[in-house]
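Asker: Here you go, upload-v7.json (JSON, C-alpha atoms and all ligand atoms):
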```json
[["chain", "number", "residue", "atom", "x", "y", "z"],
["O", 24, "MET", "CA", 125.04, 35.41, -133.54],
["O", 25, "VAL", "CA", 124.47, 38.66, -131.63],
["O", 26, "LEU", "CA", 126.87, 40.83, -129.72],
["O", 27, "ASN", "CA", 124.18, 42.21, -127.45],
["O", 28, "PRO", "CA", 122.75, 39.36, -125.33],
["O", 29, "LEU", "CA", 119.81, 41.58, -124.35],
["O", 30, "LEU", "CA", 118.35, 40.80, -127.77],
["O", 31, "ALA", "CA", 117.97, 37.19, -126.73],
["O", 32, "TYR", "CA", 115.60, 38.24, -123.94],
["O", 33, "LYS", "CA", 113.10, 39.09, -126.65],
["O", 34, "ALA", "CA", 113.48, 35.76, -128.46],
["O", 35, "GLU", "CA", 110.25, 33.82, -128.86],
["O", 36, "LEU", "CA", 110.16, 30.03, -128.82],
["O", 37, "LYS", "CA", 108.00, 29.51, -131.89],
["O", 38, "GLN", "CA", 105.80, 26.46, -132.37],
["O", 39, "LYS", "CA", 108.22, 24.85, -134.87],
["O", 40, "GLU", "CA", 111.23, 24.92, -132.54],
["O", 41, "PHE", "CA", 109.07, 24.04, -129.54],
["O", 42, "LYS", "CA", 107.85, 20.92, -131.36],
["O", 43, "LEU", "CA", 111.40, 19.94, -132.30],
["O", 44, "ILE", "CA", 112.50, 20.16, -128.67],
["O", 45, "SER", "CA", 109.39, 18.57, -127.15],
["O", 46, "ARG", "CA", 109.46, 15.63, -129.58],
["O", 47, "TYR", "CA", 113.14, 14.97, -128.91],
["O", 48, "ILE", "CA", 112.74, 15.22, -125.14],
["O", 49, "ASN", "CA", 109.69, 12.97, -125.17],
["O", 50, "GLU", "CA", 111.26, 10.31, -127.39],
["O", 51, "ASN", "CA", 114.57, 10.20, -125.54],
["O", 52, "TYR", "CA", 113.72, 10.99, -121.92],
["O", 53, "GLY", "CA", 110.01, 10.24, -121.64],
["O", 54, "ILE", "CA", 109.14, 13.72, -120.36],
["O", 55, "LYS", "CA", 105.92, 15.08, -121.88],
["O", 56, "LEU", "CA", 105.94, 18.73, -122.93],
["O", 57, "PRO", "CA", 102.39, 19.58, -123.98],
["O", 58, "ASP", "CA", 101.69, 22.86, -125.85],
["O", 59, "HIS", "CA", 100.80, 24.81, -122.70],
["O", 60, "LYS", "CA", 104.41, 24.36, -121.50],
["O", 61, "ARG", "CA", 105.83, 26.37, -124.42],
["O", 62, "ILE", "CA", 106.13, 29.67, -122.53],
["O", 63, "MET", "CA", 107.57, 27.94, -119.47],
["O", 64, "LEU", "CA", 110.18, 26.29, -121.70],
["O", 65, "GLN", "CA", 110.95, 29.59, -123.40],
["O", 66, "GLY", "CA", 111.57, 31.16, -119.97],
["O", 67, "ARG", "CA", 113.86, 28.34, -118.90],
["O", 68, "LEU", "CA", 115.90, 28.14, -122.11],
["O", 69, "ILE", "CA", 116.41, 31.86, -122.66],
["O", 70, "ASN", "CA", 119.34, 31.66, -120.23],
["O", 71, "ARG", "CA", 121.04, 29.19, -122.55],
["O", 72, "LEU", "CA", 120.54, 31.51, -125.57],
["O", 73, "ILE", "CA", 122.13, 34.35, -123.65],
["O", 74, "LYS", "CA", 124.97, 32.21, -122.42],
["O", 75, "LEU", "CA", 125.72, 30.94, -125.94],
["O", 76, "ASN", "CA", 125.10, 34.33, -127.58],
["O", 77, "PHE", "CA", 122.31, 33.17, -129.89],
["O", 78, "SER", "CA", 119.69, 35.71, -130.97],
["O", 79, "ASN", "CA", 116.81, 33.31, -131.59],
["O", 80, "PHE", "CA", 115.61, 29.78, -130.90],
["O", 81, "LYS", "CA", 116.16, 28.64, -134.50],
["O", 82, "GLU", "CA", 119.91, 29.23, -134.04],
["O", 83, "TYR", "CA", 119.71, 27.47, -130.68],
["O", 84, "THR", "CA", 117.89, 24.35, -131.95],
["O", 85, "ASP", "CA", 120.19, 24.15, -135.02],
["O", 86, "TYR", "CA", 123.07, 24.04, -132.58],
["O", 87, "VAL", "CA", 121.64, 21.76, -129.90],
["O", 88, "PHE", "CA", 120.72, 19.08, -132.44],
["O", 89, "SER", "CA", 124.07, 19.30, -134.31],
["O", 90, "GLU", "CA", 126.71, 16.65, -133.64],
["O", 91, "GLU", "CA", 128.68, 19.09, -131.46],
["O", 92, "GLY", "CA", 125.57, 20.45, -129.74],
["O", 93, "LYS", "CA", 124.35, 16.99, -128.77],
["O", 94, "ILE", "CA", 127.55, 16.50, -126.83],
["O", 95, "LEU", "CA", 128.12, 20.00, -125.45],
["O", 96, "GLU", "CA", 124.68, 21.57, -125.09],
["O", 97, "LEU", "CA", 122.06, 18.82, -124.81],
["O", 98, "PRO", "CA", 122.99, 17.97, -121.18],
["O", 99, "HIS", "CA", 122.46, 21.65, -120.26],
["O", 100, "MET", "CA", 119.14, 21.78, -122.09],
["O", 101, "ILE", "CA", 117.92, 18.72, -120.18],
["O", 102, "ASP", "CA", 119.04, 20.33, -116.92],
["O", 103, "PHE", "CA", 116.84, 23.33, -117.66],
["O", 104, "ILE", "CA", 113.85, 21.28, -118.80],
["O", 105, "SER", "CA", 113.54, 18.66, -116.08],
["O", 106, "THR", "CA", 111.55, 19.44, -112.94],
["O", 107, "ASN", "CA", 113.82, 18.69, -110.00],
["O", 108, "LYS", "CA", 111.62, 19.50, -107.03],
["O", 109, "THR", "CA", 112.47, 17.26, -104.10],
["O", 110, "ASP", "CA", 112.81, 17.33, -100.31],
["O", 111, "PHE", "CA", 114.29, 15.46, -97.40],
["O", 112, "PHE", "CA", 111.66, 13.07, -95.96],
["O", 113, "ARG", "CA", 109.27, 13.81, -98.84],
["O", 114, "GLU", "CA", 106.18, 11.58, -98.49],
["O", 115, "SER", "CA", 107.56, 10.52, -95.13],
["O", 116, "ALA", "CA", 105.26, 7.49, -94.63],
["O", 117, "HIS", "CA", 107.52, 5.64, -97.09],
["O", 118, "PHE", "CA", 110.50, 5.94, -94.76],
["O", 119, "ASP", "CA", 108.42, 4.63, -91.85],
["O", 120, "PHE", "CA", 107.41, 1.64, -93.96],
["O", 121, "LEU", "CA", 111.04, 1.06, -94.90],
["O", 122, "LYS", "CA", 112.10, 1.10, -91.24],
["O", 123, "GLU", "CA", 109.15, -0.76, -89.77],
["O", 124, "THR", "CA", 108.54, -3.43, -92.42],
["O", 125, "VAL", "CA", 111.07, -3.68, -95.22],
["O", 126, "ILE", "CA", 114.34, -3.66, -93.29],
["O", 127, "PRO", "CA", 113.16, -5.92, -90.41],
["O", 128, "GLU", "CA", 111.86, -8.40, -93.02],
["O", 129, "PHE", "CA", 115.13, -8.26, -94.93],
["O", 130, "HIS", "CA", 117.07, -8.88, -91.72],
["O", 131, "ALA", "CA", 114.80, -11.71, -90.58],
["O", 132, "ALA", "CA", 115.43, -13.50, -93.87],
["O", 133, "SER", "CA", 119.09, -13.69, -92.75],
["O", 134, "LYS", "CA", 120.34, -11.88, -95.79],
["O", 135, "TYR", "CA", 123.77, -10.99, -94.58],
["O", 136, "GLN", "CA", 124.81, -9.24, -97.75],
["O", 137, "PRO", "CA", 124.18, -5.48, -97.74],
["O", 138, "MET", "CA", 120.67, -4.44, -98.73],
["O", 139, "ARG", "CA", 120.82, -2.86, -102.18],
["O", 140, "ILE", "CA", 118.69, 0.23, -102.65],
["O", 141, "TRP", "CA", 118.22, 2.31, -105.81],
["O", 142, "SER", "CA", 116.93, 5.87, -105.78],
["O", 143, "ALA", "CA", 116.05, 6.21, -109.47],
["O", 144, "ALA", "CA", 115.43, 9.86, -110.50],
["O", 145, "CYS", "CA", 117.07, 11.06, -107.30],
["O", 146, "SER", "CA", 117.33, 14.74, -108.31],
["O", 147, "SER", "CA", 119.77, 16.59, -105.99],
["O", 148, "GLY", "CA", 120.10, 13.63, -103.61],
["O", 149, "GLU", "CA", 117.67, 14.42, -100.79],
["O", 150, "GLU", "CA", 115.72, 11.20, -101.36],
["O", 151, "ALA", "CA", 118.86, 9.02, -101.39],
["O", 152, "TYR", "CA", 120.19, 10.63, -98.21],
["O", 153, "THR", "CA", 116.82, 10.30, -96.49],
["O", 154, "ILE", "CA", 116.82, 6.58, -97.26],
["O", 155, "ALA", "CA", 120.39, 6.47, -95.94],
["O", 156, "MET", "CA", 119.35, 8.15, -92.65],
["O", 157, "ALA", "CA", 116.44, 5.76, -92.17],
["O", 158, "ALA", "CA", 118.60, 2.70, -92.85],
["O", 159, "TYR", "CA", 121.62, 3.94, -90.88],
["O", 160, "ASP", "CA", 119.42, 4.33, -87.79],
["O", 161, "LEU", "CA", 118.85, 0.56, -87.92],
["O", 162, "ILE", "CA", 122.47, -0.59, -88.17],
["O", 163, "PRO", "CA", 122.80, -0.82, -84.36],
["O", 164, "VAL", "CA", 119.32, -2.36, -84.04],
["O", 165, "TYR", "CA", 119.75, -5.33, -86.39],
["O", 166, "SER", "CA", 123.09, -7.00, -85.93],
["O", 167, "GLY", "CA", 124.88, -7.56, -89.24],
["O", 168, "PHE", "CA", 122.55, -5.24, -91.15],
["O", 169, "ASP", "CA", 124.17, -3.03, -93.77],
["O", 170, "PHE", "CA", 123.13, -1.32, -97.00],
["O", 171, "THR", "CA", 124.31, 0.50, -100.14],
["O", 172, "ILE", "CA", 122.40, 3.08, -102.14],
["O", 173, "LEU", "CA", 122.65, 3.98, -105.81],
["O", 174, "GLY", "CA", 121.25, 7.38, -106.78],
["O", 175, "THR", "CA", 120.64, 8.07, -110.49],
["O", 176, "ASP", "CA", 119.18, 10.88, -112.57],
["O", 177, "ILE", "CA", 119.44, 12.30, -116.10],
["O", 178, "SER", "CA", 120.47, 15.74, -114.89],
["O", 179, "HIS", "CA", 124.22, 16.27, -114.56],
["O", 180, "ARG", "CA", 123.61, 19.46, -112.56],
["O", 181, "MET", "CA", 121.46, 17.62, -110.01],
["O", 182, "LEU", "CA", 123.94, 14.74, -109.76],
["O", 183, "GLU", "CA", 126.76, 17.19, -109.02],
["O", 184, "LYS", "CA", 124.69, 18.71, -106.22],
["O", 185, "ALA", "CA", 123.86, 15.27, -104.89],
["O", 186, "GLN", "CA", 127.51, 14.26, -104.88],
["O", 187, "LYS", "CA", 128.56, 17.40, -103.01],
["O", 188, "ALA", "CA", 125.80, 16.80, -100.45],
["O", 189, "ILE", "CA", 125.82, 20.48, -99.43],
["O", 190, "TYR", "CA", 122.39, 22.00, -98.82],
["O", 191, "HIS", "CA", 120.93, 25.28, -97.60],
["O", 192, "SER", "CA", 120.08, 24.87, -93.92],
["O", 193, "ARG", "CA", 116.47, 25.92, -94.61],
["O", 194, "LEU", "CA", 116.05, 22.58, -96.42],
["O", 195, "ILE", "CA", 116.61, 20.61, -93.22],
["O", 196, "GLN", "CA", 114.53, 22.87, -90.96],
["O", 197, "THR", "CA", 111.73, 20.36, -90.50],
["O", 198, "ILE", "CA", 114.03, 17.40, -89.75],
["O", 199, "PRO", "CA", 114.02, 16.50, -86.01],
["O", 200, "THR", "CA", 116.98, 18.07, -84.15],
["O", 201, "GLU", "CA", 118.41, 14.69, -83.14],
["O", 202, "THR", "CA", 118.52, 13.50, -86.75],
["O", 203, "LYS", "CA", 120.04, 16.80, -87.90],
["O", 204, "LYS", "CA", 122.79, 16.53, -85.30],
["O", 205, "LYS", "CA", 123.45, 12.92, -86.15],
["O", 206, "TYR", "CA", 123.69, 13.26, -89.91],
["O", 207, "PHE", "CA", 124.56, 16.87, -90.86],
["O", 208, "LEU", "CA", 127.54, 19.17, -90.28],
["O", 209, "LYS", "CA", 127.08, 22.95, -90.20],
["O", 210, "SER", "CA", 129.38, 25.04, -92.39],
["O", 211, "LYS", "CA", 132.29, 26.47, -90.40],
["O", 212, "ASP", "CA", 131.84, 29.73, -92.28],
["O", 213, "PRO", "CA", 129.26, 31.70, -90.22],
["O", 214, "GLY", "CA", 128.35, 33.69, -93.33],
["O", 215, "LYS", "CA", 127.06, 30.55, -95.01],
["O", 216, "SER", "CA", 123.74, 28.97, -94.03],
["O", 217, "GLU", "CA", 124.83, 25.60, -95.31],
["O", 218, "VAL", "CA", 125.00, 22.06, -94.03],
["O", 219, "ARG", "CA", 126.72, 18.98, -95.39],
["O", 220, "VAL", "CA", 125.65, 15.37, -95.05],
["O", 221, "LYS", "CA", 128.20, 13.61, -92.82],
["O", 222, "LYS", "CA", 130.91, 11.47, -94.34],
["O", 223, "GLU", "CA", 129.67, 8.14, -92.95],
["O", 224, "LEU", "CA", 126.30, 8.63, -94.64],
["O", 225, "ARG", "CA", 127.85, 9.88, -97.90],
["O", 226, "ALA", "CA", 129.98, 6.75, -97.96],
["O", 227, "LYS", "CA", 126.81, 4.66, -98.29],
["O", 228, "VAL", "CA", 125.57, 6.47, -101.41],
["O", 229, "GLN", "CA", 126.94, 6.47, -104.95],
["O", 230, "PHE", "CA", 125.59, 8.60, -107.78],
["O", 231, "MET", "CA", 125.66, 8.05, -111.53],
["O", 232, "ARG", "CA", 123.76, 9.16, -114.61],
["O", 233, "HIS", "CA", 121.03, 6.87, -115.84],
["O", 234, "ASN", "CA", 118.16, 7.46, -118.23],
["O", 235, "LEU", "CA", 115.00, 5.60, -117.20],
["O", 236, "MET", "CA", 113.96, 5.56, -120.86],
["O", 237, "ASP", "CA", 116.95, 3.46, -121.91],
["O", 238, "LYS", "CA", 115.79, 0.40, -123.83],
["O", 239, "GLU", "CA", 117.72, -2.06, -121.69],
["O", 240, "TYR", "CA", 119.19, -0.98, -118.37],
["O", 241, "THR", "CA", 122.97, -1.29, -118.23],
["O", 242, "ILE", "CA", 122.95, -1.32, -114.42],
["O", 243, "LYS", "CA", 123.92, -4.89, -113.68],
["O", 244, "GLN", "CA", 122.77, -5.33, -110.08],
["O", 245, "GLU", "CA", 119.36, -6.38, -108.85],
["O", 246, "PHE", "CA", 117.89, -4.47, -105.93],
["O", 247, "ASP", "CA", 116.04, -5.21, -102.69],
["O", 248, "VAL", "CA", 114.37, -1.80, -102.82],
["O", 249, "ILE", "CA", 113.80, 0.73, -105.60],
["O", 250, "PHE", "CA", 112.47, 4.24, -105.08],
["O", 251, "CYS", "CA", 111.21, 5.79, -108.33],
["O", 252, "ARG", "CA", 109.06, 8.65, -107.12],
["O", 253, "ASN", "CA", 107.56, 11.71, -108.73],
["O", 254, "VAL", "CA", 109.02, 11.20, -112.16],
["O", 255, "LEU", "CA", 106.56, 8.87, -113.92],
["O", 256, "ILE", "CA", 103.85, 11.54, -113.63],
["O", 257, "TYR", "CA", 105.72, 13.40, -116.39],
["O", 258, "PHE", "CA", 105.64, 10.33, -118.70],
["O", 259, "SER", "CA", 103.04, 8.97, -121.12],
["O", 260, "LYS", "CA", 101.24, 5.70, -120.23],
["O", 261, "GLU", "CA", 103.39, 3.71, -122.69],
["O", 262, "ASP", "CA", 106.61, 5.16, -121.31],
["O", 263, "GLN", "CA", 105.46, 4.48, -117.73],
["O", 264, "LEU", "CA", 104.91, 0.84, -118.68],
["O", 265, "HIS", "CA", 108.32, 0.64, -120.36],
["O", 266, "VAL", "CA", 110.05, 2.03, -117.25],
["O", 267, "LEU", "CA", 108.07, -0.07, -114.79],
["O", 268, "LEU", "CA", 108.77, -3.29, -116.73],
["O", 269, "ASN", "CA", 112.48, -2.47, -116.73],
["O", 270, "LEU", "CA", 112.44, -1.61, -113.02],
["O", 271, "SER", "CA", 110.55, -4.83, -112.25],
["O", 272, "LYS", "CA", 113.36, -6.78, -113.92],
["O", 273, "LYS", "CA", 115.81, -5.09, -111.58],
["O", 274, "LEU", "CA", 113.88, -6.09, -108.45],
["O", 275, "LYS", "CA", 114.77, -9.36, -106.70],
["O", 276, "PRO", "CA", 111.76, -11.60, -105.96],
["O", 277, "GLY", "CA", 109.94, -10.16, -102.94],
["O", 278, "ALA", "CA", 111.73, -6.80, -103.31],
["O", 279, "TYR", "CA", 109.92, -3.47, -102.95],
["O", 280, "LEU", "CA", 109.14, -0.63, -105.36],
["O", 281, "PHE", "CA", 108.18, 2.79, -103.99],
["O", 282, "LEU", "CA", 106.37, 5.20, -106.32],
["O", 283, "GLY", "CA", 105.25, 8.80, -105.67],
["O", 284, "HIS", "CA", 102.00, 9.23, -103.71],
["O", 285, "SER", "CA", 100.16, 10.52, -106.79],
["O", 286, "GLU", "CA", 101.41, 7.73, -109.05],
["O", 287, "SER", "CA", 99.35, 4.64, -109.78],
["O", 288, "ILE", "CA", 100.04, 1.37, -111.59],
["O", 289, "THR", "CA", 96.72, -0.35, -111.08],
["O", 290, "HIS", "CA", 95.87, -0.01, -114.79],
["O", 291, "LEU", "CA", 99.08, -1.77, -115.84],
["O", 292, "ASN", "CA", 99.82, -5.47, -116.08],
["O", 293, "LEU", "CA", 102.98, -5.88, -113.98],
["O", 294, "PRO", "CA", 104.48, -8.54, -111.67],
["O", 295, "LEU", "CA", 103.85, -6.28, -108.66],
["O", 296, "LYS", "CA", 101.31, -6.32, -105.84],
["O", 297, "ASN", "CA", 100.27, -3.29, -103.83],
["O", 298, "VAL", "CA", 101.30, -3.64, -100.17],
["O", 299, "ASN", "CA", 101.07, -0.09, -98.84],
["O", 300, "GLN", "CA", 100.41, 3.44, -100.06],
["O", 301, "THR", "CA", 102.15, 3.42, -103.49],
["O", 302, "VAL", "CA", 104.48, 0.65, -102.30],
["O", 303, "PHE", "CA", 104.60, -2.50, -104.41],
["O", 304, "GLN", "CA", 106.23, -5.89, -103.95],
["O", 305, "LYS", "CA", 107.61, -8.04, -106.74],
["O", 306, "ILE", "CA", 105.60, -11.24, -107.05],
["O", 401, "LIG", "C1", 110.46, 15.85, -109.39],
["O", 401, "LIG", "S1", 112.06, 15.09, -109.29],
["O", 401, "LIG", "C2", 111.74, 13.81, -108.12],
["O", 401, "LIG", "C3", 112.90, 13.60, -107.18],
["O", 401, "LIG", "C4", 112.68, 12.54, -106.09],
["O", 401, "LIG", "N1", 112.50, 11.23, -106.65],
["O", 401, "LIG", "C5", 111.51, 12.92, -105.21],
["O", 401, "LIG", "O1", 110.47, 12.25, -105.27],
["O", 401, "LIG", "O2", 111.62, 13.87, -104.45],
["O", 401, "LIG", "C6", 112.10, 14.22, -110.84],
["O", 401, "LIG", "C7", 113.51, 13.86, -111.29],
["O", 401, "LIG", "O3", 113.41, 12.94, -112.37],
["O", 401, "LIG", "C8", 114.49, 13.18, -113.25],
["O", 401, "LIG", "N2", 114.16, 12.57, -114.55],
["O", 401, "LIG", "C9", 113.28, 13.00, -115.49],
["O", 401, "LIG", "N3", 113.28, 12.19, -116.54],
["O", 401, "LIG", "C10", 114.18, 11.20, -116.28],
["O", 401, "LIG", "C11", 114.64, 10.07, -117.00],
["O", 401, "LIG", "N4", 114.19, 9.79, -118.22],
["O", 401, "LIG", "N5", 115.57, 9.28, -116.42],
["O", 401, "LIG", "C12", 116.05, 9.56, -115.19],
["O", 401, "LIG", "N6", 115.67, 10.63, -114.46],
["O", 401, "LIG", "C13", 114.74, 11.44, -115.00],
["O", 401, "LIG", "C14", 114.60, 14.68, -113.28],
["O", 401, "LIG", "O4", 115.88, 15.11, -113.74],
["O", 401, "LIG", "C15", 114.32, 15.04, -111.81],
["O", 401, "LIG", "O5", 115.50, 15.20, -111.08]]
```
Mind turning the file's structure into structure tokens?

Answerer:
Amino acid sequence: MVLNPLLAYKAELKQKEFKLISRYINENYGIKLPDHKRIMLQGRLINRLIKLNFSNFKEYTDYVFSEEGKILELPHMIDFISTNKTDFFRESAHFDFLKETVIPEFHAASKYQPMRIWSAACSSGEEAYTIAMAAYDLIPVYSGFDFTILGTDISHRMLEKAQKAIYHSRLIQTIPTETKKKYFLKSKDPGKSEVRVKKELRAKVQFMRHNLMDKEYTIKQEFDVIFCRNVLIYFSKEDQLHVLLNLSKKLKPGAYLFLGHSESITHLNLPLKNVNQTVFQKI
């Protein structure tokens, strides 16, 4: 332990501790941390050393992998390791496909129960709320149409943000004015450049923690649509297959899986056929 947290700024994440962390993260969360990410990881975790008053990474790893540390610190470590980049209307062609093909098809099949949608690895919620905006637009178009969205992630910090649904107004700059007016409220405090997703949209989305690497998924429902975008790129081929097989089991027959635009499953043997750009349908 050190009294002067400035000492921690000089701490180096040595190969031994880096390997301990990267192996644990890979085995339990699927995320690959190759050697060239050591310095990046050191930069991200130094804040935790300072916060906890540790002078080096050996003290930190001893703690994080202790019984107490696994409960109290591991969630913070994961928060600092995972890459959470996201955006409203990211890879926007997917939301067009949802509106123009998936929802009309669902409605035509006279499925009067709400459409169930899962945003797996939802980060701070932008993806789940974008799906909600696209689907909400169609409620008056298709009589009887309704939907629910489940947003999940491993990061507690991201899930808290998602639940609050408060964003910097710069994040919605590129959204068309009409959509902004319809679905966001500006902060009443003029000193704050913040917006909040409106209550009626928030009511459609629930968030909970879920690890895609879990052996069996405890989520009971099956879904009509699953978005699992821009997370599998961080996983090994075997872990991608494990996740995709589990997600396939959670899709109803004929349901849709949306992956990130740079993610491919063509090399894997799965009950899915490609129907649009990184959109797949359960066979
Ligand atoms: C780059 S963001 C993608 C967010 C959103 N899907 C998008 O495309 O904009 C990746 C997210 O995956 C989450 N993640 C990483 N490993 C995960 C795992 N094993 N289970 C669930 N979520 C995970 C991270 O916490 C992060 O929020």

Asker: I'd like a table as JSON lines: residues in chain O with an atom no more than 6 Å from ligand LIG 401 (chain O), each row giving the shortest atom pair and its distance in Å to one decimal, only C-alpha atoms and all ligand atoms counted, sorted by chain and rising residue number.

Answerer:
```
{"residue": "O:Tyr52", "atom": "CA", "partner": "O:LIG401", "partner_atom": "N4", "distance": 3.9}
{"residue": "O:Gly53", "atom": "CA", "partner": "O:LIG401", "partner_atom": "N4", "distance": 5.4}
{"residue": "O:Ile54", "atom": "CA", "partner": "O:LIG401", "partner_atom": "N3", "distance": 5.8}
{"residue": "O:Ser105", "atom": "CA", "partner": "O:LIG401", "partner_atom": "O4", "distance": 4.9}
{"residue": "O:Thr106", "atom": "CA", "partner": "O:LIG401", "partner_atom": "C1", "distance": 5.2}
{"residue": "O:Asn107", "atom": "CA", "partner": "O:LIG401", "partner_atom": "O5", "distance": 4.0}
{"residue": "O:Lys108", "atom": "CA", "partner": "O:LIG401", "partner_atom": "C1", "distance": 4.5}
{"residue": "O:Thr109", "atom": "CA", "partner": "O:LIG401", "partner_atom": "O2", "distance": 3.5}
{"residue": "O:Asp110", "atom": "CA", "partner": "O:LIG401", "partner_atom": "O2", "distance": 5.5}
{"residue": "O:Ala144", "atom": "CA", "partner": "O:LIG401", "partner_atom": "N6", "distance": 4.0}
{"residue": "O:Cys145", "atom": "CA", "partner": "O:LIG401", "partner_atom": "N1", "distance": 4.6}
{"residue": "O:Ser146", "atom": "CA", "partner": "O:LIG401", "partner_atom": "O5", "distance": 3.4}
{"residue": "O:Glu150", "atom": "CA", "partner": "O:LIG401", "partner_atom": "C4", "distance": 5.8}
{"residue": "O:Asp176", "atom": "CA", "partner": "O:LIG401", "partner_atom": "N6", "distance": 4.0}
{"residue": "O:Ile177", "atom": "CA", "partner": "O:LIG401", "partner_atom": "N6", "distance": 4.4}
{"residue": "O:Ser178", "atom": "CA", "partner": "O:LIG401", "partner_atom": "O4", "distance": 4.8}
{"residue": "O:His233", "atom": "CA", "partner": "O:LIG401", "partner_atom": "C12", "distance": 5.7}
{"residue": "O:Asn234", "atom": "CA", "partner": "O:LIG401", "partner_atom": "N5", "distance": 3.6}
{"residue": "O:Leu235", "atom": "CA", "partner": "O:LIG401", "partner_atom": "N5", "distance": 3.8}
{"residue": "O:Met236", "atom": "CA", "partner": "O:LIG401", "partner_atom": "N4", "distance": 5.0}
{"residue": "O:Cys251", "atom": "CA", "partner": "O:LIG401", "partner_atom": "N1", "distance": 5.8}
{"residue": "O:Arg252", "atom": "CA", "partner": "O:LIG401", "partner_atom": "O1", "distance": 4.3}
{"residue": "O:Asn253", "atom": "CA", "partner": "O:LIG401", "partner_atom": "O1", "distance": 4.6}
{"residue": "O:Val254", "atom": "CA", "partner": "O:LIG401", "partner_atom": "C6", "distance": 4.5}
```

Asker: Choose the residue, out of O:Asn51, O:Phe118, O:Phe111, O:Glu201, that has the smallest atom-to-atom separation from Asn299 (chain O); count all atoms listed in the file.

Answerer: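 Residue with the minimum atom-to-atom distance to Asn299 (chain O): O:Phe118.
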
Asker: Extract, using only C-alpha atoms, all DNA, RNA and protein residues at most 7 Å from Val228 (chain O), discarding same-chain residues fewer than 4 positions from it, and format them as a list in words.

Answerer: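 My reading of the contact set: Thr171, Ile172, Leu173 and Gly174 of chain O.
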
Asker: Do you have the CA of Ser287 (chain O)-CA of Gln263 (chain O) distance handy?

Answerer: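 Separating CA of Ser287 (chain O) from CA of Gln263 (chain O) is a distance of 10.0 Å.
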
Asker: Would you work out the distance separating CA of Lys211 (chain O) from CA of Gln196 (chain O), expressed in Å to one decimal?

Answerer: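 Spanning CA of Lys211 (chain O) to CA of Gln196 (chain O) is a straight-line distance of 18.1 Å.
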
Asker: Would you list the contacts of Arg139 (chain O) as a short mmCIF file (atom, residue, chain, number, x, y, z; two decimals) with C-alpha atoms, keeping the file's coordinate frame, taking every protein, DNA or RNA residue within 10 Å and counting all atoms listed in the file, but skipping same-chain residues closer than 3 positions in sequence?

Answerer:
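Below is the file around15.cif, written as the result:
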```
data_model
loop_
_atom_site.label_atom_id
_atom_site.label_comp_id
_atom_site.auth_asym_id
_atom_site.auth_seq_id
_atom_site.Cartn_x
_atom_site.Cartn_y
_atom_site.Cartn_z
CA GLN O 136 124.81 -9.24 -97.75
CA ASP O 169 124.17 -3.03 -93.77
CA PHE O 170 123.13 -1.32 -97.00
CA THR O 171 124.31 0.50 -100.14
CA ILE O 172 122.40 3.08 -102.14
CA LEU O 173 122.65 3.98 -105.81
CA GLN O 244 122.77 -5.33 -110.08
CA GLU O 245 119.36 -6.38 -108.85
CA PHE O 246 117.89 -4.47 -105.93
CA ASP O 247 116.04 -5.21 -102.69
CA VAL O 248 114.37 -1.80 -102.82
CA ILE O 249 113.80 0.73 -105.60
CA LEU O 274 113.88 -6.09 -108.45
CA LYS O 275 114.77 -9.36 -106.70
CA ALA O 278 111.73 -6.80 -103.31
#
```

Asker: Go ahead and compute the interatomic distance for CA of Glu239 (chain O) and CA of Glu91 (chain O), in Å to one decimal.

Answerer: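 Computing it gives 25.7 Å between the two atoms.
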
Asker: Please list as an mmCIF file with C-alpha atoms, keeping the file's coordinate frame every residue within 12 Å of Ser166 (chain O), counting all atoms listed in the file and excluding residues in the same chain fewer than 6 positions away.

Answerer:
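Result went into result-v1.cif, see below:
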```cif
data_model
loop_
_atom_site.group_PDB
_atom_site.id
_atom_site.type_symbol
_atom_site.label_atom_id
_atom_site.label_comp_id
_atom_site.auth_asym_id
_atom_site.auth_seq_id
_atom_site.Cartn_x
_atom_site.Cartn_y
_atom_site.Cartn_z
ATOM 1 C CA ILE O 126 114.340 -3.660 -93.290
ATOM 2 C CA PRO O 127 113.160 -5.920 -90.410
ATOM 3 C CA HIS O 130 117.070 -8.880 -91.720
ATOM 4 C CA ALA O 131 114.800 -11.710 -90.580
ATOM 5 C CA SER O 133 119.090 -13.690 -92.750
ATOM 6 C CA LYS O 134 120.340 -11.880 -95.790
ATOM 7 C CA TYR O 135 123.770 -10.990 -94.580
ATOM 8 C CA PRO O 137 124.180 -5.480 -97.740
#
```

Asker: Give me the residues within 6 Å of Lys305 (chain O) as a list of chain:residue names, counting only C-alpha atoms and dropping any in the same chain fewer than 5 places off.

Answerer: O:Pro276, O:Gly277, O:Ala278, O:Pro294, O:Leu295

Asker: Just checking: using all atoms listed in the file, which residue out of O:Tyr83, O:Phe250, O:Leu72, O:Ala185 ends up closest to Arg113 (chain O)?

Answerer: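 Of O:Tyr83, O:Phe250, O:Leu72, O:Ala185, the one nearest Arg113 (chain O) is O:Phe250, counting all atoms listed in the file.
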
Asker: Could you check which of O:Ile242, O:Ile189, O:Ile62, O:Met100 is closest to Leu36 (chain O), using only C-alpha atoms?

Answerer: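 Once distances to Leu36 (chain O) are computed over only C-alpha atoms, the minimum belongs to O:Ile62.
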
Asker: Up to 12 Å from (113.8, -5.4, -90.6) in the file's coordinates: name the residues, counting all atoms listed in the file, as a list in words.

Answerer: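 Protein, DNA and RNA residues close to (113.8, -5.4, -90.6): Asp119, Phe120, Leu121, Lys122, Glu123, Thr124, Val125, Ile126, Pro127, Glu128, Phe129, His130, Ala131, Ala132, Ser133, Lys134, Met138, Ala157, Ala158, Asp160, Leu161, Ile162, Pro163, Val164, Tyr165, Ser166, Gly167, Phe168 and Asp169 of chain O.
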
Asker: Show me the residues around (119.5, 14.6, -87.9) - criterion: an atom at most 12 Å away, only C-alpha atoms counted - as a PyMOL selection string.

Answerer: chain O and resi 111-112+152-153+155-157+159-160+192+195-209+218-221+224
